[in-house]
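Source file start_23.txt; content: compact mmCIF, C-alpha atoms.
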# COMPACT_ATOMS: atom_id res chain seq x y z
CA MET N 171 0.00 0.00 0.00
CA GLU N 172 1.25 3.47 -0.88
CA TYR N 173 0.93 6.41 1.43
CA THR N 174 0.79 10.04 0.35
CA ASN N 175 0.20 13.31 2.17
CA PRO N 176 -2.93 14.99 0.79
CA LYS N 177 -2.81 18.41 -0.78
CA ILE N 178 -3.98 20.86 1.85
CA PRO N 179 -5.75 23.95 0.59
CA GLU N 180 -3.93 27.25 1.01
CA GLY N 181 -5.14 29.99 3.33
CA ILE N 182 -5.81 27.93 6.46
CA ASN N 183 -2.71 28.79 8.40
CA THR N 184 -2.33 32.10 6.65
CA THR N 185 -4.70 34.81 5.59
CA THR N 186 -5.77 35.51 2.04
CA GLU N 187 -6.35 39.17 2.82
CA HIS N 188 -4.05 41.75 1.30
CA PRO N 189 -1.34 42.77 3.79
CA LEU N 190 -1.78 46.45 2.97
CA LYS N 191 -5.40 46.32 4.10
CA GLU N 192 -4.39 45.33 7.60
CA PHE N 193 -1.63 47.91 7.53
CA PHE N 194 -3.97 50.77 6.72
CA ILE N 195 -6.65 49.72 9.18
CA LEU N 196 -4.10 49.37 11.96
CA THR N 197 -2.22 52.59 11.28
CA THR N 198 -5.32 54.76 10.98
CA GLY N 199 -6.87 53.12 14.02
CA VAL N 200 -3.80 53.43 16.18
CA LEU N 201 -3.07 56.98 15.04
CA ALA N 202 -6.64 58.03 15.76
CA LEU N 203 -6.42 56.43 19.19
CA ILE N 204 -3.13 58.17 19.94
CA ALA N 205 -4.54 61.48 18.77
CA ILE N 206 -7.57 61.12 21.03
CA VAL N 207 -5.45 60.13 24.02
CA ILE N 208 -3.02 63.01 23.48
CA PHE N 209 -5.86 65.45 23.05
CA LEU N 210 -7.51 64.30 26.28
CA LEU N 211 -4.19 64.36 28.13
CA GLY N 212 -3.55 67.90 26.92
CA LEU N 213 -7.01 68.98 27.95
CA SER N 214 -6.70 67.59 31.46
CA ALA N 215 -3.17 68.99 31.85
CA GLN N 216 -4.50 72.38 30.86
CA THR N 217 -7.27 72.15 33.46
CA ILE N 218 -4.84 71.13 36.17
CA ALA N 219 -2.26 73.76 35.19
CA ARG N 220 -4.88 76.44 35.65
CA GLN N 221 -5.02 75.57 39.36
CA ILE N 222 -1.33 76.32 39.86
CA PRO N 223 -1.04 79.47 42.02
CA PHE N 224 0.20 82.51 40.13
CA GLN N 225 3.01 82.96 42.65
CA MET N 226 4.42 79.57 41.62
CA GLU N 227 4.23 80.62 38.00
CA LEU N 228 6.18 83.79 38.86
CA ASP N 229 8.86 81.76 40.62
CA LEU N 230 9.10 79.44 37.65
CA ALA N 231 9.42 82.33 35.21
CA LYS N 232 12.12 83.99 37.33
CA LYS N 233 14.58 81.38 36.11
CA TYR N 234 14.47 82.84 32.66
CA LYS N 235 16.18 86.18 32.46
CA VAL N 236 15.03 88.89 30.15
CA GLU N 237 17.53 91.37 28.80
CA PRO N 238 16.85 94.90 30.06
CA SER N 239 15.29 97.09 27.44
CA THR N 240 17.39 99.59 25.56
CA ASN N 241 14.51 102.05 25.57
CA PRO N 242 13.62 102.74 29.20
CA GLU N 243 11.21 105.51 28.23
CA ILE N 244 9.08 103.35 26.00
CA GLN N 245 9.32 100.53 28.50
CA LYS N 246 8.13 102.83 31.28
CA TYR N 247 5.22 104.13 29.23
CA LEU N 248 4.14 100.63 28.26
CA GLN N 249 4.41 99.41 31.84
CA LYS N 250 2.30 102.31 33.07
CA LEU N 251 -0.35 101.61 30.47
CA ALA N 252 -0.28 97.93 31.35
CA ASN N 253 -0.73 98.68 35.04
CA ARG N 254 -3.77 100.84 34.33
CA LEU N 255 -5.32 98.11 32.24
CA ALA N 256 -4.39 95.46 34.77
CA ASP N 257 -6.13 97.44 37.48
CA ALA N 258 -9.18 97.73 35.26
CA GLN N 259 -9.19 93.95 35.00
CA ASP N 260 -8.76 93.52 38.77
CA LEU N 261 -5.67 91.52 38.00
CA SER N 262 -3.84 91.72 41.32
CA LYS N 263 -7.00 90.68 43.11
CA THR N 264 -7.65 87.73 40.81
CA LEU N 265 -4.07 86.51 40.84
CA LYS N 266 -3.38 87.54 44.47
CA THR N 267 -0.14 89.32 43.57
CA ASP N 268 0.86 92.97 43.82
CA SER N 269 2.38 93.57 40.40
CA PRO N 270 1.38 90.69 38.18
CA VAL N 271 2.26 92.19 34.80
CA THR N 272 5.72 93.01 33.48
CA VAL N 273 6.00 94.52 30.03
CA HIS N 274 9.11 94.10 27.88
CA PHE N 275 9.77 96.23 24.85
CA PHE N 276 11.86 94.56 22.17
CA ASP N 277 13.44 96.81 19.60
CA ASP N 278 12.80 94.61 16.61
CA ASN N 279 10.88 94.80 13.36
CA ILE N 280 8.70 91.80 14.16
CA VAL N 281 5.03 92.74 14.12
CA ASN N 282 4.03 90.88 17.23
CA ALA N 283 3.04 91.04 20.87
CA PHE N 284 2.45 88.13 23.19
CA ALA N 285 1.84 87.17 26.78
CA THR N 286 3.92 84.46 28.36
CA LEU N 287 4.71 82.81 31.70
CA GLY N 288 4.99 84.83 34.88
CA GLY N 289 2.85 87.70 33.68
CA ASN N 290 5.42 88.80 31.13
CA ILE N 291 4.18 90.61 28.07
CA ILE N 292 6.48 91.15 25.13
CA ILE N 293 5.79 93.90 22.64
CA TYR N 294 7.92 94.41 19.55
CA ARG N 295 8.66 97.75 17.95
CA GLY N 296 7.29 96.40 14.68
CA LEU N 297 3.83 96.22 16.18
CA LEU N 298 4.02 99.64 17.81
CA GLU N 299 4.82 101.12 14.41
CA LYS N 300 1.64 99.65 13.02
CA LEU N 301 -0.57 100.99 15.78
CA SER N 302 -2.26 104.29 15.04
CA SER N 303 -3.23 105.32 18.56
CA GLU N 304 -2.87 104.62 22.22
CA ASN N 305 -6.36 103.12 22.16
CA ALA N 306 -5.29 100.50 19.63
CA LEU N 307 -2.18 99.77 21.68
CA ALA N 308 -4.30 99.53 24.80
CA MET N 309 -6.50 96.97 23.10
CA VAL N 310 -3.52 94.80 22.21
CA MET N 311 -2.07 95.17 25.69
CA SER N 312 -5.40 94.57 27.38
CA HIS N 313 -5.87 91.45 25.28
CA GLU N 314 -2.50 90.10 26.44
CA ILE N 315 -3.24 91.03 30.06
CA ALA N 316 -6.52 89.12 29.77
CA HIS N 317 -4.50 86.07 28.69
CA ILE N 318 -2.53 86.38 31.90
CA LYS N 319 -5.66 86.89 33.94
CA LEU N 320 -7.18 83.76 32.43
CA ARG N 321 -3.92 81.84 33.09
CA HIS N 322 -3.54 80.95 29.42
CA PRO N 323 0.29 80.87 29.41
CA ILE N 324 0.57 78.30 32.20
CA MET N 325 -2.26 76.31 30.64
CA ALA N 326 -0.45 76.25 27.32
CA LEU N 327 2.78 75.24 29.04
CA GLY N 328 1.08 72.45 30.99
CA ARG N 329 -0.54 71.18 27.83
CA GLY N 330 2.72 71.42 25.91
CA VAL N 331 4.72 69.53 28.53
CA VAL N 332 2.21 66.73 28.89
CA ILE N 333 1.75 66.33 25.15
CA GLY N 334 5.53 66.37 24.71
CA LEU N 335 5.93 63.70 27.36
CA ALA N 336 3.21 61.59 25.82
CA ILE N 337 4.75 61.82 22.38
CA SER N 338 8.19 60.97 23.74
CA ALA N 339 6.70 58.01 25.59
CA ILE N 340 5.19 56.73 22.36
CA THR N 341 8.07 57.40 20.01
CA GLY N 342 10.80 56.52 22.50
CA ALA N 343 14.06 58.41 22.59
CA SER N 344 13.41 60.48 19.50
CA GLY N 345 10.73 62.50 21.23
CA GLN N 346 12.91 63.48 24.15
CA GLY N 347 14.14 66.64 22.50
CA LEU N 348 10.60 67.87 22.37
CA THR N 349 10.09 68.01 26.13
CA ASN N 350 13.50 69.54 26.55
CA ASP N 351 12.49 72.23 24.13
CA ILE N 352 9.37 73.01 26.07
CA LEU N 353 10.88 72.84 29.56
CA GLY N 354 14.32 74.12 28.68
CA ASP N 355 15.50 77.15 26.85
CA ALA N 356 12.25 77.67 25.02
CA GLY N 357 10.41 78.00 28.31
CA LEU N 358 9.68 81.64 28.76
CA LEU N 359 10.30 83.81 25.81
CA THR N 360 8.54 81.83 23.19
CA ILE N 361 5.09 82.25 21.91
CA LEU N 362 2.87 79.79 23.67
CA LYS N 363 0.03 78.65 21.53
CA PHE N 364 -3.41 79.65 22.69
CA GLY N 365 -6.64 78.27 21.36
CA ARG N 366 -9.16 80.20 19.34
CA ASP N 367 -11.65 80.23 22.20
CA GLN N 368 -8.98 81.57 24.49
CA GLU N 369 -8.28 84.39 22.05
CA ILE N 370 -11.95 85.32 21.86
CA GLU N 371 -12.22 85.28 25.64
CA ALA N 372 -9.14 87.49 25.94
CA ASP N 373 -10.57 89.88 23.34
CA LYS N 374 -13.76 90.31 25.32
CA ILE N 375 -12.13 90.84 28.71
CA GLY N 376 -9.54 93.07 27.10
CA LEU N 377 -12.15 95.22 25.40
CA ALA N 378 -14.15 95.62 28.60
CA ALA N 379 -11.01 96.81 30.38
CA VAL N 380 -10.19 99.31 27.63
CA ALA N 381 -13.72 100.67 27.85
CA LYS N 382 -13.32 101.01 31.61
CA VAL N 383 -10.05 102.93 31.30
CA TYR N 384 -10.96 105.24 28.41
CA GLY N 385 -14.72 105.33 28.79
CA HIS N 386 -15.24 104.17 25.19
CA THR N 387 -14.05 101.55 22.70
CA ASN N 388 -13.27 103.87 19.82
CA GLY N 389 -10.09 103.01 17.95
CA THR N 390 -9.73 99.53 19.41
CA THR N 391 -10.42 97.66 16.23
CA ASP N 392 -8.00 99.77 14.22
CA LEU N 393 -5.39 97.08 14.33
CA PHE N 394 -7.72 94.37 13.08
CA ASP N 395 -9.09 96.69 10.41
CA MET N 396 -5.56 97.28 9.25
CA PHE N 397 -4.69 93.59 9.21
CA ASN N 398 -7.89 92.99 7.35
CA GLN N 399 -6.75 95.42 4.67
CA LEU N 400 -3.37 93.72 4.58
CA SER N 401 -4.85 90.27 4.10
CA LYS N 402 -7.08 91.56 1.31
CA GLY N 403 -4.05 93.08 -0.37
CA ASP N 404 -2.56 89.60 -0.65
CA GLN N 405 0.38 90.50 1.55
CA GLN N 406 2.01 88.22 3.99
CA LEU N 407 0.21 88.35 7.31
CA PRO N 408 2.11 89.24 10.47
CA GLN N 409 2.92 86.54 12.96
CA PHE N 410 0.54 88.14 15.39
CA LEU N 411 -2.37 86.58 13.56
CA SER N 412 -1.26 83.00 13.22
CA SER N 413 -3.46 81.60 15.97
CA HIS N 414 -5.88 84.47 16.20
CA PRO N 415 -9.41 84.44 14.89
CA GLN N 416 -10.19 85.75 11.46
CA ASN N 417 -10.02 89.52 11.49
CA GLU N 418 -13.42 90.09 10.01
CA SER N 419 -15.18 87.82 12.47
CA ARG N 420 -13.06 89.32 15.20
CA ILE N 421 -14.20 92.84 14.39
CA LYS N 422 -17.74 91.58 14.20
CA TYR N 423 -17.85 89.91 17.58
CA ILE N 424 -15.98 92.76 19.22
CA LYS N 425 -18.67 95.14 17.92
CA GLN N 426 -21.40 92.76 19.05
CA PHE N 427 -19.78 92.48 22.46
CA SER N 428 -19.68 96.27 22.74
CA ILE N 429 -23.38 96.50 21.92
CA ASP N 430 -24.31 93.72 24.34
CA ASN N 431 -22.42 95.34 27.18
CA ASN N 432 -23.48 98.92 26.43
CA LEU N 433 -19.94 100.07 25.71
CA THR N 434 -19.97 103.34 23.83
CA ALA N 435 -18.01 103.32 20.62
CA LYS N 436 -17.80 107.10 20.48
CA GLY N 437 -15.00 108.95 22.17
CA LYS N 438 -11.74 110.73 21.71
CA ILE N 439 -8.87 108.72 20.32
CA LEU N 440 -5.61 109.42 22.09
CA LEU N 441 -2.31 109.43 20.31
CA MET N 442 0.75 107.85 21.82
CA PRO N 443 3.06 110.23 23.70
CA LYS N 444 5.19 112.43 21.48
CA ILE N 445 8.48 110.95 22.63
CA ILE N 446 7.42 107.50 21.53
CA ARG N 447 6.03 108.63 18.20
CA LYS N 448 9.30 110.42 17.58
CA TYR N 449 11.32 107.32 18.32
CA LEU N 450 9.15 105.17 16.09
CA GLU N 451 9.49 107.70 13.29
CA SER N 452 13.26 107.65 13.61
CA THR N 453 13.50 103.86 13.43
CA ARG N 454 11.11 103.79 10.51
CA ASP N 455 13.39 106.10 8.59
CA GLN N 456 16.35 103.90 9.28
CA ASN N 457 14.66 100.97 7.65
CA PRO N 458 13.97 101.89 4.04
CA LYS N 459 12.39 98.48 3.56
CA ARG N 460 9.60 99.37 5.91
CA LYS N 461 8.66 102.57 4.12
CA LYS N 462 5.30 102.68 2.51
CA LYS N 463 5.33 101.98 -1.17
CA MET A 153 9.74 64.93 9.41
CA TYR A 154 13.08 63.36 8.59
CA ASP A 155 12.24 60.38 10.80
CA LEU A 156 8.93 59.99 9.06
CA ILE A 157 10.51 59.90 5.61
CA VAL A 158 13.01 57.28 6.78
CA LEU A 159 10.19 55.24 8.23
CA LEU A 160 8.16 55.41 5.04
CA VAL A 161 11.14 54.44 2.89
CA LEU A 162 11.90 51.50 5.16
CA LEU A 163 8.28 50.43 5.08
CA ALA A 164 8.15 50.67 1.30
CA LEU A 165 11.38 48.70 0.95
CA GLY A 166 10.20 46.12 3.47
CA TYR A 167 6.89 45.77 1.72
CA GLY A 168 8.34 45.56 -1.77
CA PHE A 169 11.09 43.06 -1.11
CA GLY A 170 9.19 41.17 1.56
CA GLN A 171 6.13 40.59 -0.59
CA TYR A 172 8.24 39.64 -3.59
CA ALA A 173 10.20 37.12 -1.51
CA GLU A 174 7.04 35.70 -0.02
CA LYS A 175 5.31 35.26 -3.37
CA THR A 176 8.25 33.53 -5.04
CA HIS A 177 8.82 31.39 -1.97
CA TYR A 178 5.21 30.22 -1.88
CA ARG A 179 5.33 29.40 -5.58
CA SER A 180 8.40 27.25 -5.03
CA ILE A 181 6.92 25.61 -1.91
CA ILE A 182 3.72 24.59 -3.69
CA LYS A 183 5.62 23.25 -6.69
CA ARG A 184 8.01 21.17 -4.59
CA GLU A 185 5.26 19.92 -2.30
CA ASN A 186 3.52 18.48 -5.35
CA LEU A 187 6.72 16.76 -6.43
CA LEU A 188 7.40 15.24 -3.03
CA ARG A 189 3.86 14.22 -2.14
CA LYS A 190 4.84 10.58 -2.59
CA ILE A 191 6.99 10.76 0.56
CA PRO A 192 4.48 10.95 3.40
CA VAL A 193 5.36 12.71 6.62
CA ILE A 194 3.82 11.14 9.70
CA ALA A 195 3.87 12.31 13.29
CA SER A 196 3.38 8.82 14.69
CA LYS A 197 6.19 7.48 16.86
CA PHE A 198 6.04 4.06 15.24
CA PRO A 199 6.48 3.12 11.61
CA PRO A 200 3.92 0.98 9.82
CA MET A 201 4.43 -2.75 10.27
CA TYR A 202 6.82 -4.31 7.79
CA ARG A 203 7.70 -7.90 7.39
CA ASN A 204 11.32 -7.06 6.67
CA PRO A 205 12.30 -4.10 8.84
CA PRO A 206 13.80 -1.46 6.52
CA GLU A 207 16.78 0.71 7.16
CA THR A 208 16.07 3.92 9.12
CA MET A 209 17.93 7.20 9.38
CA LEU A 210 17.60 10.63 10.91
CA VAL A 211 16.59 13.29 8.39
CA THR A 212 16.55 17.00 9.14
CA GLY A 213 15.51 20.21 7.47
CA GLY A 214 16.22 23.67 8.79
CA ILE A 215 15.54 27.18 7.57
CA VAL A 216 16.04 30.69 8.84
CA ILE A 217 13.80 33.48 7.51
CA SER A 218 14.10 37.13 8.37
CA VAL A 219 11.15 39.34 9.19
CA ASP A 220 10.93 42.31 6.88
CA TYR A 221 10.40 45.83 8.19
CA PHE A 222 6.84 46.03 6.96
CA LYS A 223 5.79 42.80 8.68
CA ARG A 224 7.45 43.88 11.89
CA PHE A 225 5.75 47.27 11.78
CA VAL A 226 2.32 45.76 11.24
CA ALA A 227 2.98 43.22 13.99
CA SER A 228 4.04 45.91 16.44
CA LEU A 229 0.85 47.82 15.72
CA ARG A 230 -1.01 44.56 16.25
CA ASN A 231 0.71 44.25 19.62
CA LEU A 232 -1.14 47.33 20.80
CA ILE A 233 -4.62 46.02 20.21
CA GLY A 234 -4.25 42.24 19.97
CA GLY A 235 -5.65 39.79 17.45
CA ARG A 236 -4.24 37.58 14.71
CA VAL A 237 -0.74 38.61 13.75
CA THR A 238 -1.35 37.70 10.14
CA SER A 239 1.92 39.23 8.97
CA TYR A 240 3.86 36.68 11.02
CA GLU A 241 1.49 33.80 10.25
CA SER A 242 2.56 33.57 6.64
CA LEU A 243 6.21 33.87 7.66
CA LEU A 244 6.02 30.90 10.03
CA ASP A 245 3.88 28.94 7.61
CA ARG A 246 6.54 29.33 4.92
CA ALA A 247 9.30 28.37 7.33
CA ARG A 248 7.53 25.22 8.55
CA ARG A 249 6.68 24.03 5.07
CA GLU A 250 10.17 24.80 3.78
CA ALA A 251 11.75 22.89 6.68
CA ILE A 252 9.59 19.85 5.98
CA LEU A 253 10.39 20.10 2.27
CA ARG A 254 14.12 20.13 2.93
CA MET A 255 13.73 17.12 5.17
CA LYS A 256 11.78 15.39 2.42
CA GLU A 257 14.40 16.28 -0.18
CA GLN A 258 17.04 14.73 2.02
CA THR A 259 14.94 11.60 2.32
CA ARG A 260 14.38 11.43 -1.44
CA ASP A 261 18.11 11.74 -2.09
CA ARG A 262 18.78 8.82 0.24
CA GLY A 263 16.12 6.76 -1.46
CA GLY A 264 13.69 6.92 1.44
CA SER A 265 9.96 6.39 1.09
CA MET A 266 8.46 7.98 4.20
CA ILE A 267 9.33 9.89 7.35
CA PHE A 268 7.77 9.12 10.69
CA ASN A 269 8.09 10.56 14.20
CA VAL A 270 8.34 14.05 12.69
CA LYS A 271 8.83 16.96 15.05
CA ILE A 272 9.17 20.67 14.39
CA GLU A 273 11.08 23.14 16.49
CA THR A 274 10.81 26.89 16.20
CA ALA A 275 13.29 29.40 17.52
CA SER A 276 13.59 33.12 17.12
CA ILE A 277 17.01 34.57 16.49
CA SER A 278 17.89 37.89 18.11
CA LYS A 279 15.28 37.22 20.71
CA GLY A 280 14.72 39.98 23.25
CA ARG A 281 16.91 42.49 21.51
CA LYS A 282 15.05 45.66 20.80
CA ASN A 283 15.05 47.47 17.48
CA THR A 284 16.60 44.63 15.56
CA ILE A 285 14.86 42.89 12.76
CA GLY A 286 14.20 39.42 14.09
CA SER A 287 14.57 36.18 12.21
CA ILE A 288 12.98 32.85 12.86
CA GLU A 289 14.44 29.39 12.56
CA VAL A 290 12.29 26.37 11.96
CA PHE A 291 13.86 22.98 12.24
CA ALA A 292 12.08 19.76 11.29
CA TYR A 293 13.43 16.30 11.99
CA GLY A 294 12.18 12.76 11.78
CA THR A 295 13.09 9.17 11.05
CA ALA A 296 13.20 8.24 7.38
CA LEU A 297 12.48 4.73 6.21
CA ILE A 298 14.80 3.58 3.44
CA THR A 299 12.93 0.84 1.68
CA GLN A 300 14.70 0.91 -1.63
CA SER A 301 16.45 -2.43 -1.04
CA SER A 302 13.20 -4.40 -0.57

Would you put the structure from the file into structure tokens?
Amino acid sequence: MEYTNPKIPEGINTTTEHPLKEFFILTTGVLALIAIVIFLLGLSAQTIARQIPFQMELDLAKKYKVEPSTNPEIQKYLQKLANRLADAQDLSKTLKTDSPVTVHFFDDNIVNAFATLGGNIIIYRGLLEKLSSENALAMVMSHEIAHIKLRHPIMALGRGVVIGLAISAITGASGQGLTNDILGDAGLLTILKFGRDQEIEADKIGLAAVAKVYGHTNGTTDLFDMFNQLSKGDQQLPQFLSSHPQNESRIKYIKQFSIDNNLTAKGKILLMPKIIRKYLESTRDQNPKRKKK
Amino acid sequence: MYDLIVLLVLLALGYGFGQYAEKTHYRSIIKRENLLRKIPVIASKFPPMYRNPPETMLVTGGIVISVDYFKRFVASLRNLIGGRVTSYESLLDRARREAILRMKEQTRDRGGSMIFNVKIETASISKGRKNTIGSIEVFAYGTALITQSS
């Protein structure tokens, strides 16, 4: 008698499915899962970070030194304006600190202003040059002070650190640089990313404070109007806008907010002090590139 | 970004070469299995009863196959959620069948007619070492009956 092994059909011990199918299902599934987990982690970190006392934030920010400004006059003026607006927002009461806001003036062409850890606000000369009045400047400043009042910088930092840690945990060693970036040298004087809702919130609180200080909201939307014109003219938008709401919608909801809260839009627009206008004029002349075409 | 490009290139290479190797290997396996079907492989410890006991000898077949990057990537994703690791299933299936085929080829060359008491061992090379592409070894052995003389 002759023995033979039978022919066994294929696909019992293996799968007949295309390997790429499994690959795509797994990668999209796992990536979606990771994204959800990271998002939730970031959200909870943000909520927890908000509970950190402001004094602790100040101590943390002390580690990072800021170069003293080369323009003490402008610095002084900006600080004074910031203090008025901070008082209008009841900042020292909310944060339980005497002088929560420190303004830094950076003599640079960058069109930007931002709030960061420890109640530090950085304003660049480039932005001051674009502002037509003190009211417009006050709006920008008040907006940044509102970020500090709402604890947005520490929230952004908390979110950034936790997300960085999570990514480094997933990717292994390659992600380590990320957390170092966030905790290390990039800690204070970088632009922390705020969400759109946070920007809107800061706009509203900021506007209310400006109205309280000047008695009206006239001139506050000048900056957004100007950016609006810029964006229509197909020019490159300043950094200031990268995470901010669309200018048109921003102007719209600021106006709506004014109406809802009975803030008068009529009033005298103040110019910036002469000494500052003079300085800005002089730097503008030094930079032929920045001259109007 | 740089890491991502490297990853994608490795995946593409792993997929391309891995799938090509697997396809050609399966083609060869199926062809040779058909040729060697006449030599049965039996797991039983005892040979069939013969009036004149034939000559016996140990026959072996071993193979080492490497995992390609694509398979390993899919398997590591699979590790997160569980389930059939189909990318490794075909790899081990190929290795087992190839090992048996080599054992059968050895038997055929010695004039054997069947193999009994067949056992298969599997080992993974570079076990426990992280970030290395692993390979598997499958080793099949059994007792061949050489009945050519009778």

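CA of Leu287 in chain N sits 16.3 Å away from CA of Asp268 in chain N.
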
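Taking CA of Lys425 in chain N and CA of Ala381 in chain N as the two end points, the separation is 12.4 Å.
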
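Of the residues under consideration (N:Ile445, N:Ile293, N:Ala258, N:Met309), N:Met309 shows the shortest atom-to-atom contact distance to Phe394 in chain N when counting all atoms listed in the file.
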
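Going from CA of Ile157 in chain A over to CA of Glu241 in chain A, you cover 28.0 Å.
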
List the residues sitting within 12 Å of (-2.9, 26.7, 2.5) in the file's frame, using only C-alpha atoms, as an MDAnalysis selection string.
(chainID N and resid 176:186) or (chainID A and resid 178:179 181:182 185 241:242 245:246 249)

All residues 10 Å or closer to Phe209 in chain N, all atoms listed in the file, same chain fewer than 6 positions away omitted, as an mmCIF file with C-alpha atoms, in the coordinates of the input:
data_model
loop_
_atom_site.group_PDB
_atom_site.id
_atom_site.type_symbol
_atom_site.label_atom_id
_atom_site.label_comp_id
_atom_site.auth_asym_id
_atom_site.auth_seq_id
_atom_site.Cartn_x
_atom_site.Cartn_y
_atom_site.Cartn_z
ATOM 1 C CA LEU N 203 -6.420 56.430 19.190
ATOM 2 C CA ALA N 215 -3.170 68.990 31.850
ATOM 3 C CA ARG N 329 -0.540 71.180 27.830
ATOM 4 C CA ILE N 333 1.750 66.330 25.150
#

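Each of A:Leu243, A:Leu160, A:Met209, A:Ile298 was checked against chain N using all atoms listed in the file; the smallest atom-to-atom distance is that of A:Leu243.
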
Mind listing as a ChimeraX atom specification which residues of chain N are within 6 Å of chain A, counting only C-alpha atoms?
/N:174-175,184,193

If I wrap all listed atoms of range 268-275 of chain A in a box with edges along x, y and z and add 6 Å on each side, what are its centre and edge lengths in Å to one decimal, as AutoDock Vina command-line options?
--center_x 10.5 --center_y 19.3 --center_z 14.1 --size_x 17.5 --size_y 32.3 --size_z 18.8
